[in-house]
$ cat entry-v4.txt   # compact mmCIF, C-alpha atoms
# COMPACT_ATOMS: atom_id res chain seq x y z
CA MET A 1 0.00 0.00 0.00
CA GLN A 2 1.38 3.41 -0.97
CA THR A 3 1.62 5.98 1.81
CA ASN A 4 2.17 9.73 1.76
CA PHE A 5 3.37 10.74 5.20
CA THR A 6 5.42 13.92 5.32
CA PRO A 7 9.01 13.97 6.62
CA ALA A 8 7.75 15.90 9.66
CA GLN A 9 5.20 13.18 10.38
CA LEU A 10 7.79 10.44 9.97
CA ALA A 11 9.94 12.07 12.62
CA ASN A 12 7.51 10.52 15.09
CA SER A 13 8.30 6.90 16.03
CA ASP A 14 4.66 5.78 16.05
CA THR A 15 4.04 7.30 12.63
CA ARG A 16 7.12 5.57 11.22
CA GLU A 17 5.76 2.30 12.59
CA ALA A 18 2.33 2.97 11.08
CA ASP A 19 3.95 3.74 7.73
CA LYS A 20 5.82 0.44 7.84
CA ILE A 21 2.65 -1.49 8.69
CA LEU A 22 0.57 0.20 6.01
CA ARG A 23 3.19 -0.37 3.32
CA ALA A 24 3.14 -4.11 4.10
CA CYS A 25 -0.56 -4.35 3.22
CA VAL A 26 -1.20 -5.46 -0.39
CA HIS A 27 -5.02 -5.20 -0.34
CA CYS A 28 -5.34 -8.98 -0.86
CA GLY A 29 -8.44 -9.31 1.31
CA PHE A 30 -7.45 -12.62 2.90
CA CYS A 31 -8.20 -11.01 6.27
CA THR A 32 -11.88 -10.59 5.39
CA SER A 33 -12.34 -14.37 5.33
CA THR A 34 -11.45 -14.78 8.99
CA CYS A 35 -12.69 -11.52 10.53
CA PRO A 36 -15.57 -12.14 12.96
CA THR A 37 -17.25 -8.76 12.48
CA TYR A 38 -17.08 -9.01 8.70
CA ALA A 39 -18.52 -12.53 8.90
CA LEU A 40 -21.47 -11.18 10.91
CA LEU A 41 -22.04 -7.77 9.34
CA GLY A 42 -20.72 -8.12 5.79
CA ASP A 43 -19.51 -4.50 5.77
CA GLU A 44 -16.10 -3.87 4.21
CA LEU A 45 -15.45 -1.18 6.83
CA ASP A 46 -15.95 -3.83 9.52
CA SER A 47 -13.09 -5.87 8.09
CA PRO A 48 -9.39 -5.33 8.82
CA ARG A 49 -8.81 -4.10 5.26
CA GLY A 50 -11.60 -1.55 5.56
CA ARG A 51 -10.41 -0.35 8.95
CA ILE A 52 -6.87 -0.02 7.60
CA TYR A 53 -8.14 2.37 4.92
CA LEU A 54 -9.95 4.44 7.55
CA ILE A 55 -6.94 4.52 9.86
CA LYS A 56 -4.56 5.37 6.99
CA ASP A 57 -6.69 8.33 5.97
CA MET A 58 -6.94 9.57 9.56
CA LEU A 59 -3.20 9.29 10.28
CA GLU A 60 -1.91 10.51 6.93
CA ASN A 61 -4.10 13.59 6.86
CA ASP A 62 -3.81 14.15 10.60
CA ARG A 63 -7.60 14.20 10.89
CA VAL A 64 -9.58 14.32 14.11
CA PRO A 65 -11.39 10.96 14.32
CA THR A 66 -14.88 11.11 12.86
CA GLU A 67 -17.96 9.32 14.13
CA ARG A 68 -17.67 6.94 11.15
CA VAL A 69 -14.09 6.01 11.97
CA VAL A 70 -14.88 5.55 15.66
CA LYS A 71 -17.87 3.32 14.89
CA HIS A 72 -15.86 0.83 12.84
CA VAL A 73 -12.70 0.87 14.98
CA ASP A 74 -14.84 0.34 18.08
CA ARG A 75 -16.39 -2.73 16.45
CA CYS A 76 -12.96 -4.35 16.07
CA LEU A 77 -12.44 -7.11 18.65
CA SER A 78 -8.64 -7.07 18.41
CA CYS A 79 -8.93 -10.84 18.04
CA LEU A 80 -5.95 -10.67 15.64
CA SER A 81 -7.28 -13.48 13.46
CA CYS A 82 -6.38 -11.24 10.53
CA MET A 83 -2.72 -11.35 11.55
CA THR A 84 -2.72 -15.14 11.47
CA THR A 85 -4.32 -15.08 8.02
CA CYS A 86 -2.28 -12.25 6.49
CA PRO A 87 0.38 -13.55 4.04
CA SER A 88 2.22 -10.20 4.15
CA GLY A 89 2.82 -9.99 7.89
CA VAL A 90 0.79 -6.80 8.45
CA ASN A 91 0.97 -5.95 12.17
CA TYR A 92 -2.64 -4.89 12.48
CA MET A 93 -2.42 -5.00 16.29
CA HIS A 94 -0.03 -2.08 16.54
CA LEU A 95 -1.93 -0.10 13.91
CA VAL A 96 -5.35 -0.41 15.55
CA ASP A 97 -3.78 0.38 18.93
CA GLN A 98 -2.57 3.68 17.46
CA ALA A 99 -6.04 4.42 16.13
CA ARG A 100 -7.64 3.71 19.49
CA HIS A 101 -5.23 5.99 21.28
CA ARG A 102 -5.97 8.81 18.83
CA ILE A 103 -9.70 8.27 19.29
CA GLU A 104 -9.32 8.32 23.06
CA THR A 105 -7.34 11.57 23.06
CA GLN A 106 -9.05 13.47 20.22
CA TYR A 107 -12.66 12.29 19.91
CA ARG A 108 -15.38 13.39 22.33
CA ARG A 109 -17.78 10.54 22.90
CA PRO A 110 -21.38 10.96 24.11
CA LEU A 111 -21.63 11.41 27.86
CA PHE A 112 -22.91 7.92 28.64
CA GLU A 113 -20.09 6.28 26.69
CA ARG A 114 -17.51 8.43 28.44
CA LEU A 115 -18.90 7.51 31.86
CA GLN A 116 -19.13 3.82 31.04
CA ARG A 117 -15.57 3.65 29.75
CA ALA A 118 -14.23 5.63 32.70
CA PHE A 119 -16.07 3.30 35.08
CA LEU A 120 -14.64 0.16 33.46
CA ALA A 121 -11.13 1.62 33.31
CA ALA A 122 -11.33 2.49 37.01
CA ILE A 123 -12.68 -0.74 38.46
CA LEU A 124 -11.50 -3.64 36.31
CA PRO A 125 -7.76 -3.25 37.04
CA ARG A 126 -8.43 -2.99 40.80
CA PRO A 127 -9.67 -6.23 42.41
CA ALA A 128 -11.10 -4.61 45.54
CA LEU A 129 -13.12 -2.08 43.55
CA PHE A 130 -14.20 -4.74 41.05
CA ARG A 131 -15.49 -6.98 43.84
CA PHE A 132 -17.35 -4.05 45.40
CA ALA A 133 -18.90 -3.20 42.03
CA LEU A 134 -20.05 -6.77 41.50
CA LEU A 135 -21.68 -6.84 44.90
CA GLY A 136 -23.44 -3.57 44.07
CA ALA A 137 -24.61 -5.02 40.75
CA ARG A 138 -26.62 -7.63 42.62
CA MET A 139 -28.80 -4.90 44.06
CA ALA A 140 -29.38 -3.46 40.60
CA ARG A 141 -30.49 -6.74 39.02
CA PRO A 142 -34.21 -6.30 39.84
CA PHE A 143 -34.17 -3.01 37.93
CA ARG A 144 -32.24 -4.22 34.86
CA SER A 145 -35.16 -3.71 32.46
CA LEU A 146 -35.19 0.00 33.34
CA LEU A 147 -31.53 0.51 32.48
CA PRO A 148 -29.89 1.42 29.15
CA ARG A 149 -29.09 -1.59 26.95
CA ARG A 150 -25.36 -1.45 27.65
CA LEU A 151 -25.85 -1.41 31.42
CA GLU A 152 -28.36 -4.21 31.09
CA ALA A 153 -25.77 -6.22 29.15
CA MET A 154 -23.16 -5.53 31.82
CA LEU A 155 -25.51 -6.84 34.51
CA ASP A 156 -26.16 -9.98 32.47
CA LEU A 157 -22.44 -10.73 32.55
CA MET A 158 -22.15 -10.44 36.31
CA PRO A 159 -21.79 -13.80 38.08
CA ALA A 160 -24.63 -14.92 40.34
CA HIS A 161 -22.16 -15.88 43.07
CA LEU A 162 -18.73 -14.54 43.94
CA PRO A 163 -16.05 -16.83 45.34
CA ALA A 164 -14.31 -15.81 48.52
CA PRO A 165 -10.97 -13.99 48.08
CA SER A 166 -7.95 -16.30 47.96
CA ARG A 167 -4.63 -15.77 49.66
CA VAL A 168 -2.87 -17.18 46.61
CA SER A 169 -2.77 -13.71 45.02
CA LEU A 170 -0.83 -12.17 47.91
CA PRO A 171 2.94 -11.55 47.54
CA GLN A 172 4.70 -14.75 48.57
CA THR A 173 6.79 -17.67 47.38
CA PHE A 174 5.51 -21.21 46.92
CA VAL A 175 8.27 -23.80 47.20
CA SER A 176 8.54 -26.62 44.70
CA GLN A 177 7.67 -30.18 45.56
CA GLY A 178 10.91 -32.11 45.37
CA ALA A 179 13.98 -30.74 43.64
CA ARG A 180 13.52 -27.29 42.17
CA LYS A 181 13.67 -27.33 38.38
CA LYS A 182 12.64 -23.75 37.67
CA ARG A 183 11.96 -20.49 39.46
CA VAL A 184 9.05 -18.59 37.94
CA ALA A 185 6.92 -15.55 38.69
CA LEU A 186 3.16 -15.85 38.29
CA LEU A 187 1.01 -12.88 37.35
CA SER A 188 -2.06 -12.89 39.57
CA VAL A 189 -4.52 -11.29 37.16
CA CYS A 190 -6.79 -8.56 38.51
CA ALA A 191 -10.23 -9.65 37.24
CA GLN A 192 -9.45 -13.34 37.62
CA GLN A 193 -8.60 -12.83 41.29
CA VAL A 194 -12.23 -11.84 41.81
CA LEU A 195 -14.09 -14.03 39.33
CA ALA A 196 -12.16 -17.29 39.57
CA PRO A 197 -9.29 -17.42 42.11
CA ARG A 198 -9.47 -21.21 41.74
CA ILE A 199 -7.48 -20.83 38.49
CA ASP A 200 -4.46 -19.31 40.24
CA GLU A 201 -4.75 -21.93 42.98
CA ALA A 202 -4.73 -24.72 40.39
CA THR A 203 -1.80 -23.09 38.59
CA VAL A 204 0.29 -22.91 41.75
CA ARG A 205 -0.51 -26.53 42.67
CA LEU A 206 0.35 -27.74 39.17
CA LEU A 207 3.60 -25.80 38.84
CA THR A 208 4.92 -26.65 42.30
CA ARG A 209 4.01 -30.31 41.70
CA LEU A 210 6.10 -30.19 38.51
CA GLY A 211 9.13 -28.79 40.31
CA CYS A 212 8.68 -25.01 40.03
CA GLU A 213 9.21 -22.46 42.73
CA VAL A 214 6.45 -19.91 42.17
CA VAL A 215 6.84 -16.25 43.16
CA ILE A 216 3.97 -13.78 43.45
CA ALA A 217 5.93 -10.54 43.19
CA LYS A 218 5.27 -7.66 45.53
CA GLY A 219 4.10 -4.60 43.63
CA GLN A 220 2.73 -6.38 40.57
CA GLY A 221 -0.75 -5.46 39.40
CA CYS A 222 -2.84 -5.12 36.27
CA CYS A 223 -0.89 -5.79 33.09
CA GLY A 224 -2.56 -2.79 31.44
CA SER A 225 -4.28 -4.79 28.72
CA LEU A 226 -7.89 -3.82 29.39
CA THR A 227 -7.28 -0.08 29.49
CA HIS A 228 -4.66 -0.22 26.72
CA HIS A 229 -7.22 -1.68 24.31
CA MET A 230 -9.61 1.12 25.25
CA GLY A 231 -7.01 3.55 23.90
CA ARG A 232 -5.84 4.75 27.32
CA ASP A 233 -2.26 5.21 28.40
CA SER A 234 -1.51 2.14 30.53
CA ARG A 235 2.24 2.51 30.79
CA ASP A 236 2.25 3.29 34.52
CA MET A 237 0.62 -0.08 35.22
CA MET A 238 3.09 -1.78 32.91
CA LYS A 239 6.04 -0.04 34.56
CA ALA A 240 4.88 -1.24 37.98
CA ASN A 241 5.00 -4.83 36.76
CA ILE A 242 8.33 -4.39 35.03
CA ASP A 243 9.81 -2.97 38.25
CA ALA A 244 8.25 -5.70 40.41
CA TRP A 245 9.58 -8.54 38.26
CA THR A 246 12.96 -6.87 37.79
CA ARG A 247 13.40 -6.82 41.57
CA VAL A 248 12.65 -10.56 41.68
CA ILE A 249 15.13 -11.19 38.85
CA ASP A 250 17.83 -9.16 40.58
CA LYS A 251 17.36 -11.03 43.86
CA GLY A 252 17.26 -14.61 42.66
CA GLY A 253 16.75 -14.83 38.93
CA LEU A 254 13.73 -16.10 36.99
CA ASP A 255 13.34 -18.78 34.36
CA ALA A 256 9.98 -17.48 33.24
CA ILE A 257 7.15 -15.09 33.96
CA VAL A 258 4.02 -17.24 33.76
CA ILE A 259 0.65 -15.87 32.73
CA ASN A 260 -2.54 -17.95 32.85
CA VAL A 261 -4.75 -15.34 31.15
CA SER A 262 -3.85 -15.23 27.48
CA GLY A 263 -5.08 -11.67 26.93
CA CYS A 264 -2.62 -10.47 29.55
CA GLY A 265 0.11 -12.65 28.11
CA THR A 266 -0.21 -11.07 24.69
CA THR A 267 0.19 -7.60 26.18
CA ILE A 268 3.14 -8.51 28.41
CA LYS A 269 4.95 -10.17 25.52
CA ASP A 270 4.58 -6.80 23.77
CA TYR A 271 6.06 -4.70 26.61
CA GLY A 272 9.35 -4.57 24.74
CA TYR A 273 7.64 -2.91 21.77
CA THR A 274 5.63 -0.55 23.96
CA PHE A 275 8.76 0.79 25.67
CA ARG A 276 11.10 0.56 22.66
CA ASP A 277 11.86 4.29 22.78
CA ASP A 278 11.94 4.69 26.57
CA PRO A 279 15.51 5.35 27.73
CA VAL A 280 14.81 3.98 31.21
CA TYR A 281 12.52 1.02 30.51
CA ALA A 282 13.42 -0.20 27.01
CA GLU A 283 15.97 -2.79 28.10
CA LYS A 284 14.04 -3.91 31.20
CA ALA A 285 10.79 -4.21 29.26
CA ALA A 286 12.44 -6.28 26.53
CA ARG A 287 13.82 -8.64 29.18
CA ILE A 288 10.36 -9.06 30.75
CA SER A 289 8.76 -9.76 27.37
CA ALA A 290 11.42 -12.37 26.60
CA LEU A 291 10.65 -14.18 29.88
CA ALA A 292 6.86 -14.11 29.48
CA GLN A 293 5.20 -17.45 28.77
CA ASP A 294 1.68 -18.76 28.73
CA VAL A 295 1.30 -21.38 31.45
CA THR A 296 0.87 -24.14 28.87
CA GLU A 297 4.11 -23.12 27.15
CA LEU A 298 5.95 -23.62 30.43
CA VAL A 299 4.19 -26.85 31.41
CA ALA A 300 5.01 -28.30 27.99
CA THR A 301 8.72 -28.05 28.91
CA LEU A 302 8.23 -29.95 32.17
CA ASP A 303 7.69 -33.64 32.84
CA LEU A 304 3.91 -33.94 33.05
CA VAL A 305 3.35 -37.20 34.93
CA VAL A 306 -0.25 -38.35 35.28
CA PRO A 307 -0.33 -40.46 38.46
CA THR A 308 -4.09 -40.59 38.95
CA SER A 309 -6.85 -41.93 36.77
CA VAL A 310 -9.58 -39.49 35.88
CA PRO A 311 -12.91 -40.37 34.26
CA GLU A 312 -12.87 -40.34 30.48
CA LEU A 313 -13.94 -36.88 29.43
CA ARG A 314 -14.60 -35.40 26.02
CA VAL A 315 -13.07 -31.93 26.15
CA ALA A 316 -13.83 -29.25 23.57
CA TYR A 317 -10.79 -26.98 23.48
CA HIS A 318 -11.61 -23.34 22.82
CA ALA A 319 -8.53 -21.57 21.51
CA ALA A 320 -8.67 -18.04 22.93
CA CYS A 321 -7.88 -15.48 20.22
CA SER A 322 -5.12 -13.89 22.27
CA LEU A 323 -3.47 -17.31 22.62
CA GLN A 324 -3.81 -18.67 19.08
CA HIS A 325 -3.52 -15.39 17.14
CA GLY A 326 -1.79 -13.05 19.59
CA GLN A 327 0.82 -15.46 20.93
CA ARG A 328 0.66 -18.23 18.31
CA VAL A 329 0.43 -20.89 21.02
CA LEU A 330 -1.47 -23.58 19.17
CA ALA A 331 -0.42 -27.12 20.03
CA ALA A 332 0.67 -27.03 23.68
CA PRO A 333 -2.75 -26.82 25.40
CA LYS A 334 -4.29 -29.63 23.34
CA THR A 335 -1.18 -31.81 23.56
CA LEU A 336 -1.10 -31.46 27.35
CA LEU A 337 -4.80 -32.26 27.72
CA ALA A 338 -4.41 -35.35 25.57
CA LYS A 339 -1.35 -36.42 27.54
CA ALA A 340 -3.39 -36.04 30.73
CA GLY A 341 -5.88 -38.59 29.42
CA PHE A 342 -8.66 -36.42 28.02
CA THR A 343 -10.25 -36.81 24.60
CA VAL A 344 -9.74 -33.44 22.94
CA VAL A 345 -11.98 -32.18 20.13
CA ASP A 346 -11.67 -29.04 18.00
CA PRO A 347 -14.97 -27.20 17.46
CA PRO A 348 -15.74 -25.84 13.97
CA GLU A 349 -14.75 -22.23 13.26
CA GLY A 350 -12.19 -22.35 16.02
CA HIS A 351 -10.48 -19.26 14.60
CA LEU A 352 -13.50 -17.03 15.31
CA CYS A 353 -13.78 -14.98 18.50
CA CYS A 354 -16.33 -15.79 21.21
CA GLY A 355 -17.12 -12.09 21.63
CA SER A 356 -15.49 -11.51 25.02
CA ALA A 357 -12.41 -9.53 23.91
CA GLY A 358 -11.67 -7.71 27.16
CA THR A 359 -14.37 -5.09 27.62
CA TYR A 360 -15.91 -5.68 24.18
CA ASN A 361 -18.89 -7.70 25.45
CA MET A 362 -19.82 -4.74 27.64
CA LEU A 363 -19.17 -2.02 25.06
CA GLN A 364 -20.57 -3.86 22.02
CA PRO A 365 -23.12 -6.23 23.60
CA GLU A 366 -25.20 -6.94 20.48
CA ILE A 367 -22.27 -8.12 18.35
CA ALA A 368 -20.73 -9.95 21.31
CA ALA A 369 -23.99 -11.84 21.94
CA GLN A 370 -24.18 -12.95 18.30
CA LEU A 371 -20.59 -14.16 18.39
CA ARG A 372 -21.19 -16.04 21.64
CA ALA A 373 -24.26 -17.78 20.22
CA ARG A 374 -22.27 -18.81 17.15
CA LYS A 375 -19.36 -20.03 19.28
CA VAL A 376 -21.63 -22.02 21.60
CA ARG A 377 -23.42 -23.67 18.66
CA ASN A 378 -20.09 -24.76 17.21
CA ILE A 379 -18.80 -26.07 20.52
CA GLU A 380 -22.01 -27.93 21.38
CA SER A 381 -22.00 -29.58 17.94
CA THR A 382 -18.98 -31.63 19.11
CA GLN A 383 -20.99 -32.96 22.10
CA PRO A 384 -18.34 -32.31 24.75
CA GLN A 385 -18.70 -32.97 28.47
CA VAL A 386 -16.49 -30.05 29.38
CA ILE A 387 -15.01 -27.00 27.63
CA ALA A 388 -11.39 -25.93 28.24
CA ALA A 389 -10.00 -22.46 27.58
CA GLY A 390 -6.97 -20.41 28.57
CA ASN A 391 -8.53 -17.00 29.16
CA ILE A 392 -10.90 -15.88 31.93
CA GLY A 393 -12.84 -13.60 29.58
CA CYS A 394 -13.62 -16.51 27.25
CA ILE A 395 -14.53 -18.73 30.19
CA GLU A 396 -17.05 -16.22 31.50
CA GLN A 397 -18.40 -15.32 28.05
CA ILE A 398 -18.94 -18.89 26.84
CA GLY A 399 -20.16 -20.03 30.24
CA ALA A 400 -22.97 -17.47 30.07
CA GLY A 401 -24.30 -19.18 26.94
CA THR A 402 -24.13 -22.89 27.73
CA GLY A 403 -24.81 -25.36 30.52
CA ILE A 404 -21.61 -27.28 29.75
CA PRO A 405 -18.92 -26.66 32.39
CA VAL A 406 -16.20 -24.28 31.18
CA LEU A 407 -12.83 -24.65 32.90
CA HIS A 408 -9.34 -23.33 32.51
CA THR A 409 -6.90 -25.78 30.93
CA VAL A 410 -4.75 -25.77 34.07
CA GLU A 411 -7.71 -26.85 36.22
CA LEU A 412 -8.00 -30.05 34.21
CA LEU A 413 -4.23 -30.60 34.20
CA ASP A 414 -4.06 -30.01 37.96
CA TRP A 415 -6.84 -32.53 38.55
CA ALA A 416 -5.25 -35.12 36.26
CA THR A 417 -1.91 -34.87 38.07
CA GLY A 418 -3.26 -35.26 41.60
CA GLY A 419 -5.15 -32.08 42.37
CA PRO A 420 -8.74 -31.81 43.60
CA VAL A 421 -11.75 -32.39 41.40
CA PRO A 422 -12.92 -29.05 39.96
CA ASP A 423 -16.19 -28.02 41.60
CA ALA A 424 -17.91 -27.79 38.22
CA LEU A 425 -17.18 -31.50 37.62
CA SER A 426 -17.94 -32.88 41.07
CA ALA A 427 -21.44 -34.08 40.12
CA PHE A 428 -20.11 -35.75 36.98
CA CYS A 429 -17.38 -37.53 38.92
CA GLU A 430 -19.82 -38.73 41.56
CA SER A 431 -22.05 -40.12 38.83
CA ALA A 432 -19.11 -41.81 37.11
CA ALA A 433 -17.97 -43.33 40.41
CA ALA A 434 -21.46 -44.70 41.08
CA GLU A 435 -21.47 -46.44 37.71
$ encode --input "entry-v4.txt" --output "structure tokens"
Amino acid sequence: MQTNFTPAQLANSDTREADKILRACVHCGFCTSTCPTYALLGDELDSPRGRIYLIKDMLENDRVPTERVVKHVDRCLSCLSCMTTCPSGVNYMHLVDQARHRIETQYRRPLFERLQRAFLAAILPRPALFRFALLGARMARPFRSLLPRRLEAMLDLMPAHLPAPSRVSLPQTFVSQGARKKRVALLSVCAQQVLAPRIDEATVRLLTRLGCEVVIAKGQGCCGSLTHHMGRDSRDMMKANIDAWTRVIDKGGLDAIVINVSGCGTTIKDYGYTFRDDPVYAEKAARISALAQDVTELVATLDLVVPTSVPELRVAYHAACSLQHGQRVLAAPKTLLAKAGFTVVDPPEGHLCCGSAGTYNMLQPEIAAQLRARKVRNIESTQPQVIAAGNIGCIEQIGAGTGIPVLHTVELLDWATGGPVPDALSAFCESAAAE
């Protein structure tokens, strides 16, 4: 694609990067075949190629974002399926991130949208506030029909019951069982701490059982992903994590930084890019990104011994977009589940997003609901007994649309290697034992 940025514009690092990305695009349209919003809406401007044209025009001509541009950029899930499909290596992720930041800083949204986005940006990265908000949402449920559609959709996503807080997220070190093979830091993810602390508990049990010393670093917090994809500057959150993990590295070294939420993992693996021009953080951020691994990437390097017998289960593996497209982790989760004794099936249209996408299901509830229904139909067509996924957003989104238990991959691996039966499968296991 030909570009016409001026020398003055190209003096800016972000503009130079946008120019490089745009020039890589050859208009082939392969991305339209795998874009979820294009599949649903059939509008060229709701495809990656169409959005690239809009973003190019906005950046090249230094235009203030228009309502039309905002509408179609907002509809993008950042699922990054287009990047997997693209034969030219167009880094759409970095381009759409630039567009979102420009929209956030230069476009004035309607009042309700501004308030909703500010509310989500304030509470989601802070577990205590998020828990308080969820408790407050219970009181609003009886009045949901009186609320605007977006607030109604947010209430529909709130869990009926909240688990008690877990001490696993507190700064501490979990010693390995037996000889220590690796020393790793685990990111205790903000929303997951509140919605499903059982996932971190299962992760710690599994990793320590496999010979890892697990550190929960003091000072770590939100990775910045949720607010970053809303176009907000999240670098202070990212710096806090970089500093926290750097202190751990300096004190005793680390073999890996383990993330069990794939959306967060994609962002942390990109810290090096985010801080590429920062004289203080560039080197530290690159080191953190190099150490970052999805939990299944790490477990795949360890000796996964399955000492216990678990009931035969047909597991539909949902590949979270941020894991399969953002991180290109494809085989490890399914290989590990199969090694643990489960029958793993791939649902049709596995490349398409479930509609969660961070805050997307709250900001674009109609499209998100259609994508969830499509995803659930495809999963249920394989007749699984349980669904496995590697991202809390997907787990909550899909779980709201089906009666089939949805668990994190590590919960099943923990169970198979000697951990407790996941609560969602206790009735099934009791029934299997009775037979």
$ closest_residue --input "entry-v4.txt" --among "A:Ser81, A:Ser13, A:Asn4, A:Ser166" --to "Phe30 (chain A)" --atoms "all atoms listed in the file"
A:Ser81
$ closest_atom_pairs --input "entry-v4.txt" --of "region 317-433 of chain A" --to "region 288-299 of chain A" --cutoff "8 Å" --atoms "all atoms listed in the file" --output "Markdown table"
| residue | atom | partner | partner_atom | distance |
| --- | --- | --- | --- | --- |
| A:Val329 | CA | A:Glu297 | CA | 7.5 |
| A:Ala332 | CA | A:Thr296 | CA | 5.9 |
| A:Pro333 | CA | A:Thr296 | CA | 5.7 |
| A:Leu336 | CA | A:Thr296 | CA | 7.7 |
| A:Val410 | CA | A:Thr296 | CA | 7.8 |
$ atom_distance --input "entry-v4.txt" --atom1 "CA of Arg131 (chain A)" --atom2 "CA of Val194 (chain A)"
6.2 Å
$ closest_residue --input "entry-v4.txt" --among "A:Arg75, A:His318, A:Arg209, A:Arg377" --to "Cys394 (chain A)" --atoms "all atoms listed in the file"
A:His318
$ closest_residue --input "entry-v4.txt" --among "A:Val345, A:Val64, A:Ala416, A:Val96" --to "Arg51 (chain A)" --atoms "all atoms listed in the file"
A:Val96
$ residues_around --input "entry-v4.txt" --residues "Cys429 (chain A)" --least-positions-apart "5" --cutoff "12 Å" --atoms "all atoms listed in the file" --output "list in words"
Ser309, Val310, Pro311, Glu312, Leu313, Gln385, Trp415, Pro420, Val421, Pro422, Asp423, Ala424, Ala434 and Glu435 of chain A
$ closest_atom_pairs --input "entry-v4.txt" --of "region 72-142 of chain A" --to "region 215-229 of chain A" --cutoff "9 Å" --atoms "only C-alpha atoms" --output "JSON lines"
{"residue": "A:Ser78", "atom": "CA", "partner": "A:His229", "partner_atom": "CA", "distance": 8.1}
{"residue": "A:Asp97", "atom": "CA", "partner": "A:His229", "partner_atom": "CA", "distance": 6.7}
{"residue": "A:Arg100", "atom": "CA", "partner": "A:His229", "partner_atom": "CA", "distance": 7.2}
{"residue": "A:His101", "atom": "CA", "partner": "A:His228", "partner_atom": "CA", "distance": 8.3}
{"residue": "A:Leu120", "atom": "CA", "partner": "A:Thr227", "partner_atom": "CA", "distance": 8.4}
{"residue": "A:Ala121", "atom": "CA", "partner": "A:Thr227", "partner_atom": "CA", "distance": 5.7}
{"residue": "A:Ala122", "atom": "CA", "partner": "A:Thr227", "partner_atom": "CA", "distance": 8.9}
{"residue": "A:Leu124", "atom": "CA", "partner": "A:Leu226", "partner_atom": "CA", "distance": 7.8}
{"residue": "A:Pro125", "atom": "CA", "partner": "A:Cys222", "partner_atom": "CA", "distance": 5.3}
{"residue": "A:Arg126", "atom": "CA", "partner": "A:Cys222", "partner_atom": "CA", "distance": 7.5}
$ closest_residue --input "entry-v4.txt" --among "A:Thr266, A:Cys35, A:Arg287, A:Gly393" --to "Cys190 (chain A)" --atoms "only C-alpha atoms"
A:Gly393
$ atom_distance --input "entry-v4.txt" --atom1 "CA of Asp156 (chain A)" --atom2 "CA of Arg114 (chain A)"
20.7 Å
$ residues_around --input "entry-v4.txt" --residues "region 178-189 of chain A" --least-positions-apart "3" --cutoff "7 Å" --atoms "only C-alpha atoms" --output "PyMOL selection string"
chain A and resi 169+192-193+200+211-217+222+254-259
